[in-house]
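Quick look at final10.pdb (PDB, C-alpha atoms):
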```
ATOM      1  CA  MET V  28     111.457  94.233 110.640
ATOM      2  CA  LYS V  29     108.251  95.998 111.710
ATOM      3  CA  LEU V  30     107.650  95.895 115.432
ATOM      4  CA  HIS V  31     104.195  95.330 116.834
ATOM      5  CA  ALA V  32     102.968  97.045 119.996
ATOM      6  CA  SER V  33     103.815  93.954 122.052
ATOM      7  CA  GLY V  34     107.412  94.028 120.807
ATOM      8  CA  GLU V  35     107.694  97.675 121.811
ATOM      9  CA  ASP V  36     106.252  96.759 125.219
ATOM     10  CA  TYR V  37     108.903  94.066 125.711
ATOM     11  CA  LEU V  38     111.718  96.433 124.733
ATOM     12  CA  GLU V  39     110.320  99.096 127.060
ATOM     13  CA  ALA V  40     110.086  96.587 129.927
ATOM     14  CA  ILE V  41     113.684  95.478 129.381
ATOM     15  CA  LEU V  42     114.822  99.117 129.409
ATOM     16  CA  VAL V  43     112.891  99.915 132.595
ATOM     17  CA  LEU V  44     114.187  96.812 134.375
ATOM     18  CA  TYR V  45     117.748  97.489 133.230
ATOM     19  CA  LYS V  46     117.571 101.052 134.567
ATOM     20  CA  LYS V  47     116.248  99.703 137.859
ATOM     21  CA  THR V  48     118.571  96.728 138.420
ATOM     22  CA  GLY V  49     121.379  96.861 135.859
ATOM     23  CA  MET V  50     120.623  93.381 134.533
ATOM     24  CA  VAL V  51     117.618  91.654 133.004
ATOM     25  CA  ARG V  52     116.654  88.033 132.433
ATOM     26  CA  SER V  53     113.547  86.665 130.776
ATOM     27  CA  VAL V  54     112.044  85.695 134.126
ATOM     28  CA  ASP V  55     112.325  89.339 135.263
ATOM     29  CA  VAL V  56     110.448  90.467 132.163
ATOM     30  CA  ALA V  57     107.737  87.840 132.747
ATOM     31  CA  ARG V  58     107.216  89.037 136.317
ATOM     32  CA  HIS V  59     107.280  92.723 135.371
ATOM     33  CA  MET V  60     104.805  92.345 132.501
ATOM     34  CA  GLU V  61     102.726  89.661 134.248
ATOM     35  CA  VAL V  62     102.992  87.271 131.304
ATOM     36  CA  SER V  63     104.097  83.658 131.057
ATOM     37  CA  LYS V  64     107.731  82.652 130.611
ATOM     38  CA  PRO V  65     106.929  80.945 127.279
ATOM     39  CA  SER V  66     105.453  84.232 126.023
ATOM     40  CA  VAL V  67     108.658  86.030 126.941
ATOM     41  CA  CYS V  68     110.738  83.264 125.358
ATOM     42  CA  HIS V  69     108.842  83.654 122.086
ATOM     43  CA  ALA V  70     109.124  87.456 122.184
ATOM     44  CA  VAL V  71     112.852  87.315 122.967
ATOM     45  CA  ALA V  72     113.462  84.970 120.031
ATOM     46  CA  THR V  73     111.548  87.286 117.701
ATOM     47  CA  LEU V  74     113.322  90.394 119.003
ATOM     48  CA  LYS V  75     116.735  88.709 118.728
ATOM     49  CA  GLU V  76     115.947  87.707 115.161
ATOM     50  CA  GLY V  77     114.963  91.300 114.364
ATOM     51  CA  GLY V  78     118.210  92.682 115.777
ATOM     52  CA  PHE V  79     116.592  94.461 118.727
ATOM     53  CA  LEU V  80     118.299  92.553 121.534
ATOM     54  CA  THR V  81     120.911  89.941 122.340
ATOM     55  CA  MET V  82     121.283  87.372 125.076
ATOM     56  CA  ASP V  83     124.664  86.591 126.619
ATOM     57  CA  GLU V  84     125.984  83.241 127.823
ATOM     58  CA  ASP V  85     124.486  83.882 131.285
ATOM     59  CA  PHE V  86     121.049  84.490 129.717
ATOM     60  CA  PHE V  87     121.030  88.215 130.440
ATOM     61  CA  LEU V  88     119.169  90.325 127.892
ATOM     62  CA  HIS V  89     120.846  93.340 126.283
ATOM     63  CA  LEU V  90     119.222  95.885 124.000
ATOM     64  CA  THR V  91     121.040  96.598 120.754
ATOM     65  CA  ASP V  92     121.419 100.230 119.690
ATOM     66  CA  LEU V  93     118.259  99.873 117.598
ATOM     67  CA  GLY V  94     116.382  98.161 120.441
ATOM     68  CA  ARG V  95     117.465 100.829 122.923
ATOM     69  CA  GLU V  96     116.381 103.630 120.590
ATOM     70  CA  ILE V  97     112.901 102.142 120.185
ATOM     71  CA  ALA V  98     112.639 101.367 123.916
ATOM     72  CA  GLU V  99     113.646 104.933 124.854
ATOM     73  CA  GLN V 100     111.140 106.447 122.399
ATOM     74  CA  THR V 101     108.344 104.187 123.643
ATOM     75  CA  TYR V 102     109.173 104.882 127.289
ATOM     76  CA  GLU V 103     109.290 108.638 126.696
ATOM     77  CA  LYS V 104     105.849 108.531 125.062
ATOM     78  CA  HIS V 105     104.527 106.400 127.909
ATOM     79  CA  ARG V 106     105.757 108.802 130.590
ATOM     80  CA  PHE V 107     104.518 111.852 128.667
ATOM     81  CA  PHE V 108     100.997 110.521 128.106
ATOM     82  CA  THR V 109     100.727 109.134 131.642
ATOM     83  CA  ALA V 110     101.689 112.515 133.101
ATOM     84  CA  LEU V 111      99.441 114.440 130.714
ATOM     85  CA  LEU V 112      96.410 112.283 131.445
ATOM     86  CA  THR V 113      97.027 112.343 135.189
ATOM     87  CA  GLU V 114      97.428 116.127 135.069
ATOM     88  CA  ALA V 115      94.087 116.316 133.223
ATOM     89  CA  GLY V 116      92.402 114.485 136.102
ATOM     90  CA  VAL V 117      92.433 110.874 134.885
ATOM     91  CA  ASP V 118      93.020 108.422 137.712
ATOM     92  CA  PRO V 119      96.589 107.058 137.638
ATOM     93  CA  ALA V 120      95.651 103.446 136.841
ATOM     94  CA  SER V 121      93.537 104.484 133.856
ATOM     95  CA  ALA V 122      96.210 106.953 132.756
ATOM     96  CA  GLU V 123      98.799 104.142 132.740
ATOM     97  CA  ARG V 124      96.585 101.836 130.682
ATOM     98  CA  ASP V 125      95.616 104.531 128.202
ATOM     99  CA  ALA V 126      99.181 105.822 127.863
ATOM    100  CA  CYS V 127     100.285 102.285 127.027
ATOM    101  CA  ARG V 128      97.850 102.231 124.113
ATOM    102  CA  MET V 129      98.587 105.772 122.960
ATOM    103  CA  GLU V 130     102.357 105.268 122.860
ATOM    104  CA  HIS V 131     101.982 102.723 120.064
ATOM    105  CA  VAL V 132      99.645 104.544 117.705
ATOM    106  CA  ILE V 133     101.243 107.983 117.483
ATOM    107  CA  SER V 134     104.123 108.491 115.061
ATOM    108  CA  GLN V 135     107.432 109.694 116.441
ATOM    109  CA  GLU V 136     107.111 112.895 114.396
ATOM    110  CA  SER V 137     103.629 113.704 115.710
ATOM    111  CA  PHE V 138     104.692 112.883 119.247
ATOM    112  CA  GLU V 139     107.700 115.205 119.073
ATOM    113  CA  HIS V 140     105.536 118.078 117.780
ATOM    114  CA  LEU V 141     102.927 117.470 120.486
ATOM    115  CA  ARG V 142     105.563 117.207 123.229
ATOM    116  CA  ASP V 143     107.366 120.343 122.069
ATOM    117  CA  ALA V 144     104.119 122.337 121.767
ATOM    118  CA  TYR V 145     103.048 121.199 125.234
ATOM    119  CA  ASN V 146     106.402 122.133 126.749
ATOM    120  CA  ALA V 147     106.397 125.529 125.005
ATOM    121  CA  HIS V 148     102.863 126.190 126.282
ATOM    122  CA  LYS V 149     103.880 125.267 129.852
ATOM    123  CA  GLU V 150     106.769 127.740 129.732
ATOM    124  CA  GLU V 151     104.487 130.682 128.830
TER     125      GLU V 151
END
```
Translate this file's structure into structure tokens.
Amino acid sequence: MKLHASGEDYLEAILVLYKKTGMVRSVDVARHMEVSKPSVCHAVATLKEGGFLTMDEDFFLHLTDLGREIAEQTYEKHRFFTALLTEAGVDPASAERDACRMEHVISQESFEHLRDAYNAHKEE
């Protein structure tokens, strides 16, 4: 199943919330992403169907291995581009918004090359 940018955003939000609190429900995702509960409900159903997350009997959301991998990759890109843009002088709010767009359009391969080249350049 091909994930759209919004699906990646939901997985990333679940990862971030889980790291922060240790448990995540749909209502937490709705608050964090500032979207409606029905939107989250629809996204959760789609992501469950795609094998990216599960929901337990207490309605807590859990990323599958595949969902966690995608969430971690998306979150790493987000942090990298936010930091890079901020370092270049972009105001933090704009950097966040732009990083959120950039994280979805760059391939994992291109991102890894860019990240590694940037890190190698910083070490010189």
Discussion item. Taking 6 positions as the minimum chain separation for residues in the same chain, which residues sit within 12 Å of V:Lys29 when counting only C-alpha atoms? Answer as a ChimeraX atom specification.
Written reply: /V:35,73-74,76-79,97
Residue subset to file, keeping C-alpha atoms, as a CSV table (one decimal), in the frame of the given file:
```
chain,number,residue,atom,x,y,z
V,35,GLU,CA,107.7,97.7,121.8
V,73,THR,CA,111.5,87.3,117.7
V,74,LEU,CA,113.3,90.4,119.0
V,76,GLU,CA,115.9,87.7,115.2
V,77,GLY,CA,115.0,91.3,114.4
V,78,GLY,CA,118.2,92.7,115.8
V,79,PHE,CA,116.6,94.5,118.7
V,97,ILE,CA,112.9,102.1,120.2
```
Fill in: Atom-to-atom span, atom CA of V:Lys149 and atom CA of V:Ala98, Å
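Computed distance, atom CA of V:Lys149 to atom CA of V:Ala98, equals 26.1 Å.
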Worksheet entry | Nearest to V:Leu30, chosen from V:Val117, V:Leu93, V:Val54, V:Ala126, with all atoms listed in the file counted in the distances |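 Using all atoms listed in the file, the shortest distance to V:Leu30 belongs to V:Leu93.
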Worksheet item: In Å to one decimal, how far is atom CA of V:Glu114 from atom CA of V:Val43?
Response: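 Distance between the two atoms: 22.5 Å.
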Discussion item. What would the selection look like, as a ChimeraX atom specification, if the PyMOL selection byres ((chain V and resi 128) around 12) were run on the coordinates I just shared?
Written reply: /V:31-33,35-36,101,104-105,108-109,121-127,129-133
Fill in: For V:Ala70, the nearest of the candidates V:Phe86, V:Ser53, V:Glu99, V:Ala120, counting all atoms listed in the file
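Comparing V:Phe86, V:Ser53, V:Glu99, V:Ala120 against V:Ala70, the winner is V:Ser53.
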Item to complete: Would you kindly return, as a ChimeraX atom specification, each protein, DNA or RNA residue with an atom no farther than 12 Å from any atom of stretch 55-60 of chain V, considering only C-alpha atoms and excluding same-chain residues fewer than 2 positions away?
Response: /V:33,36-45,47-53,62-71,86-88
Discussion item. One number please: atom CA of V:Ala144 to atom CA of V:Leu112, in Å, one decimal.
Written reply: 15.9 Å
Practice prompt. Return the single residue from V:Gly116, V:Lys75, V:Glu139, V:Leu90 that is closest to V:Glu103, with distances computed using only C-alpha atoms.
Written response: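 For V:Glu103, the nearest of the candidates is V:Glu139.
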Item to complete: Select, counting all atoms listed in the file, all protein, DNA and RNA residues no farther than 6 Å from (118.1, 94.9, 122.8) in file coordinates, and express the selection as a VMD selection string.
Response: chain V and resid 79 to 81 89 to 91 94 to 95
Worksheet item: Which is closer to V:Ala110 than all the others in V:Met82, V:Gln135, V:Arg142, V:Glu96, using all atoms listed in the file?
Response: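 Ranking V:Met82, V:Gln135, V:Arg142, V:Glu96 by distance to V:Ala110, first place goes to V:Arg142.
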Completion step: stretch 73-99 of chain V with N, CA, C and O atoms as a short mmCIF file (atom, residue, chain, number, x, y, z; two decimals), keeping the file's coordinate frame:
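Written file, selection_4.cif:
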```cif
data_model
loop_
_atom_site.label_atom_id
_atom_site.label_comp_id
_atom_site.auth_asym_id
_atom_site.auth_seq_id
_atom_site.Cartn_x
_atom_site.Cartn_y
_atom_site.Cartn_z
N THR V 73 111.95 86.40 118.80
CA THR V 73 111.55 87.29 117.70
C THR V 73 112.36 88.58 117.71
O THR V 73 112.84 89.04 116.67
N LEU V 74 112.57 89.15 118.89
CA LEU V 74 113.32 90.39 119.00
C LEU V 74 114.80 90.19 118.71
O LEU V 74 115.45 91.07 118.13
N LYS V 75 115.34 89.04 119.08
CA LYS V 75 116.74 88.71 118.73
C LYS V 75 116.88 88.60 117.22
O LYS V 75 117.81 89.15 116.62
N GLU V 76 115.95 87.90 116.61
CA GLU V 76 115.95 87.71 115.16
C GLU V 76 115.86 89.04 114.42
O GLU V 76 116.48 89.24 113.38
N GLY V 77 115.13 89.99 114.97
CA GLY V 77 114.96 91.30 114.36
C GLY V 77 116.11 92.26 114.64
O GLY V 77 116.12 93.38 114.15
N GLY V 78 117.06 91.84 115.48
CA GLY V 78 118.21 92.68 115.78
C GLY V 78 117.97 93.72 116.85
O GLY V 78 118.71 94.70 116.96
N PHE V 79 116.94 93.49 117.69
CA PHE V 79 116.59 94.46 118.73
C PHE V 79 117.24 94.16 120.08
O PHE V 79 117.34 95.03 120.92
N LEU V 80 117.64 92.91 120.28
CA LEU V 80 118.30 92.55 121.53
C LEU V 80 119.18 91.33 121.34
O LEU V 80 119.08 90.63 120.33
N THR V 81 120.04 91.12 122.32
CA THR V 81 120.91 89.94 122.34
C THR V 81 120.78 89.30 123.71
O THR V 81 120.26 89.91 124.65
N MET V 82 121.26 88.07 123.80
CA MET V 82 121.28 87.37 125.08
C MET V 82 122.70 86.83 125.25
O MET V 82 123.24 86.20 124.33
N ASP V 83 123.30 87.08 126.40
CA ASP V 83 124.66 86.59 126.62
C ASP V 83 124.66 85.16 127.14
O ASP V 83 123.59 84.55 127.33
N GLU V 84 125.85 84.64 127.41
CA GLU V 84 125.98 83.24 127.82
C GLU V 84 125.36 82.96 129.19
O GLU V 84 125.08 81.82 129.53
N ASP V 85 125.14 84.03 129.98
CA ASP V 85 124.49 83.88 131.28
C ASP V 85 122.99 84.18 131.21
O ASP V 85 122.33 84.33 132.23
N PHE V 86 122.47 84.28 129.98
CA PHE V 86 121.05 84.49 129.72
C PHE V 86 120.54 85.88 130.11
O PHE V 86 119.34 86.06 130.31
N PHE V 87 121.44 86.84 130.21
CA PHE V 87 121.03 88.22 130.44
C PHE V 87 120.68 88.85 129.10
O PHE V 87 121.36 88.62 128.09
N LEU V 88 119.63 89.66 129.11
CA LEU V 88 119.17 90.32 127.89
C LEU V 88 119.82 91.70 127.78
O LEU V 88 119.95 92.42 128.77
N HIS V 89 120.21 92.05 126.55
CA HIS V 89 120.85 93.34 126.28
C HIS V 89 120.21 93.94 125.04
O HIS V 89 120.13 93.28 124.00
N LEU V 90 119.78 95.19 125.15
CA LEU V 90 119.22 95.88 124.00
C LEU V 90 120.35 96.26 123.04
O LEU V 90 121.41 96.69 123.47
N THR V 91 120.11 96.09 121.76
CA THR V 91 121.04 96.60 120.75
C THR V 91 120.81 98.11 120.65
O THR V 91 119.89 98.64 121.27
N ASP V 92 121.62 98.78 119.87
CA ASP V 92 121.42 100.23 119.69
C ASP V 92 120.01 100.51 119.15
O ASP V 92 119.33 101.41 119.62
N LEU V 93 119.60 99.72 118.17
CA LEU V 93 118.26 99.87 117.60
C LEU V 93 117.18 99.59 118.64
O LEU V 93 116.21 100.34 118.79
N GLY V 94 117.34 98.51 119.40
CA GLY V 94 116.38 98.16 120.44
C GLY V 94 116.29 99.22 121.52
O GLY V 94 115.20 99.58 121.98
N ARG V 95 117.44 99.78 121.90
CA ARG V 95 117.46 100.83 122.92
C ARG V 95 116.77 102.09 122.41
O ARG V 95 116.00 102.72 123.14
N GLU V 96 117.01 102.44 121.16
CA GLU V 96 116.38 103.63 120.59
C GLU V 96 114.86 103.50 120.62
O GLU V 96 114.15 104.42 121.03
N ILE V 97 114.35 102.36 120.19
CA ILE V 97 112.90 102.14 120.18
C ILE V 97 112.36 102.11 121.61
O ILE V 97 111.32 102.70 121.91
N ALA V 98 113.07 101.44 122.52
CA ALA V 98 112.64 101.37 123.92
C ALA V 98 112.59 102.76 124.55
O ALA V 98 111.62 103.09 125.25
N GLU V 99 113.61 103.58 124.29
CA GLU V 99 113.65 104.93 124.85
C GLU V 99 112.50 105.78 124.31
O GLU V 99 111.85 106.52 125.06
#
```
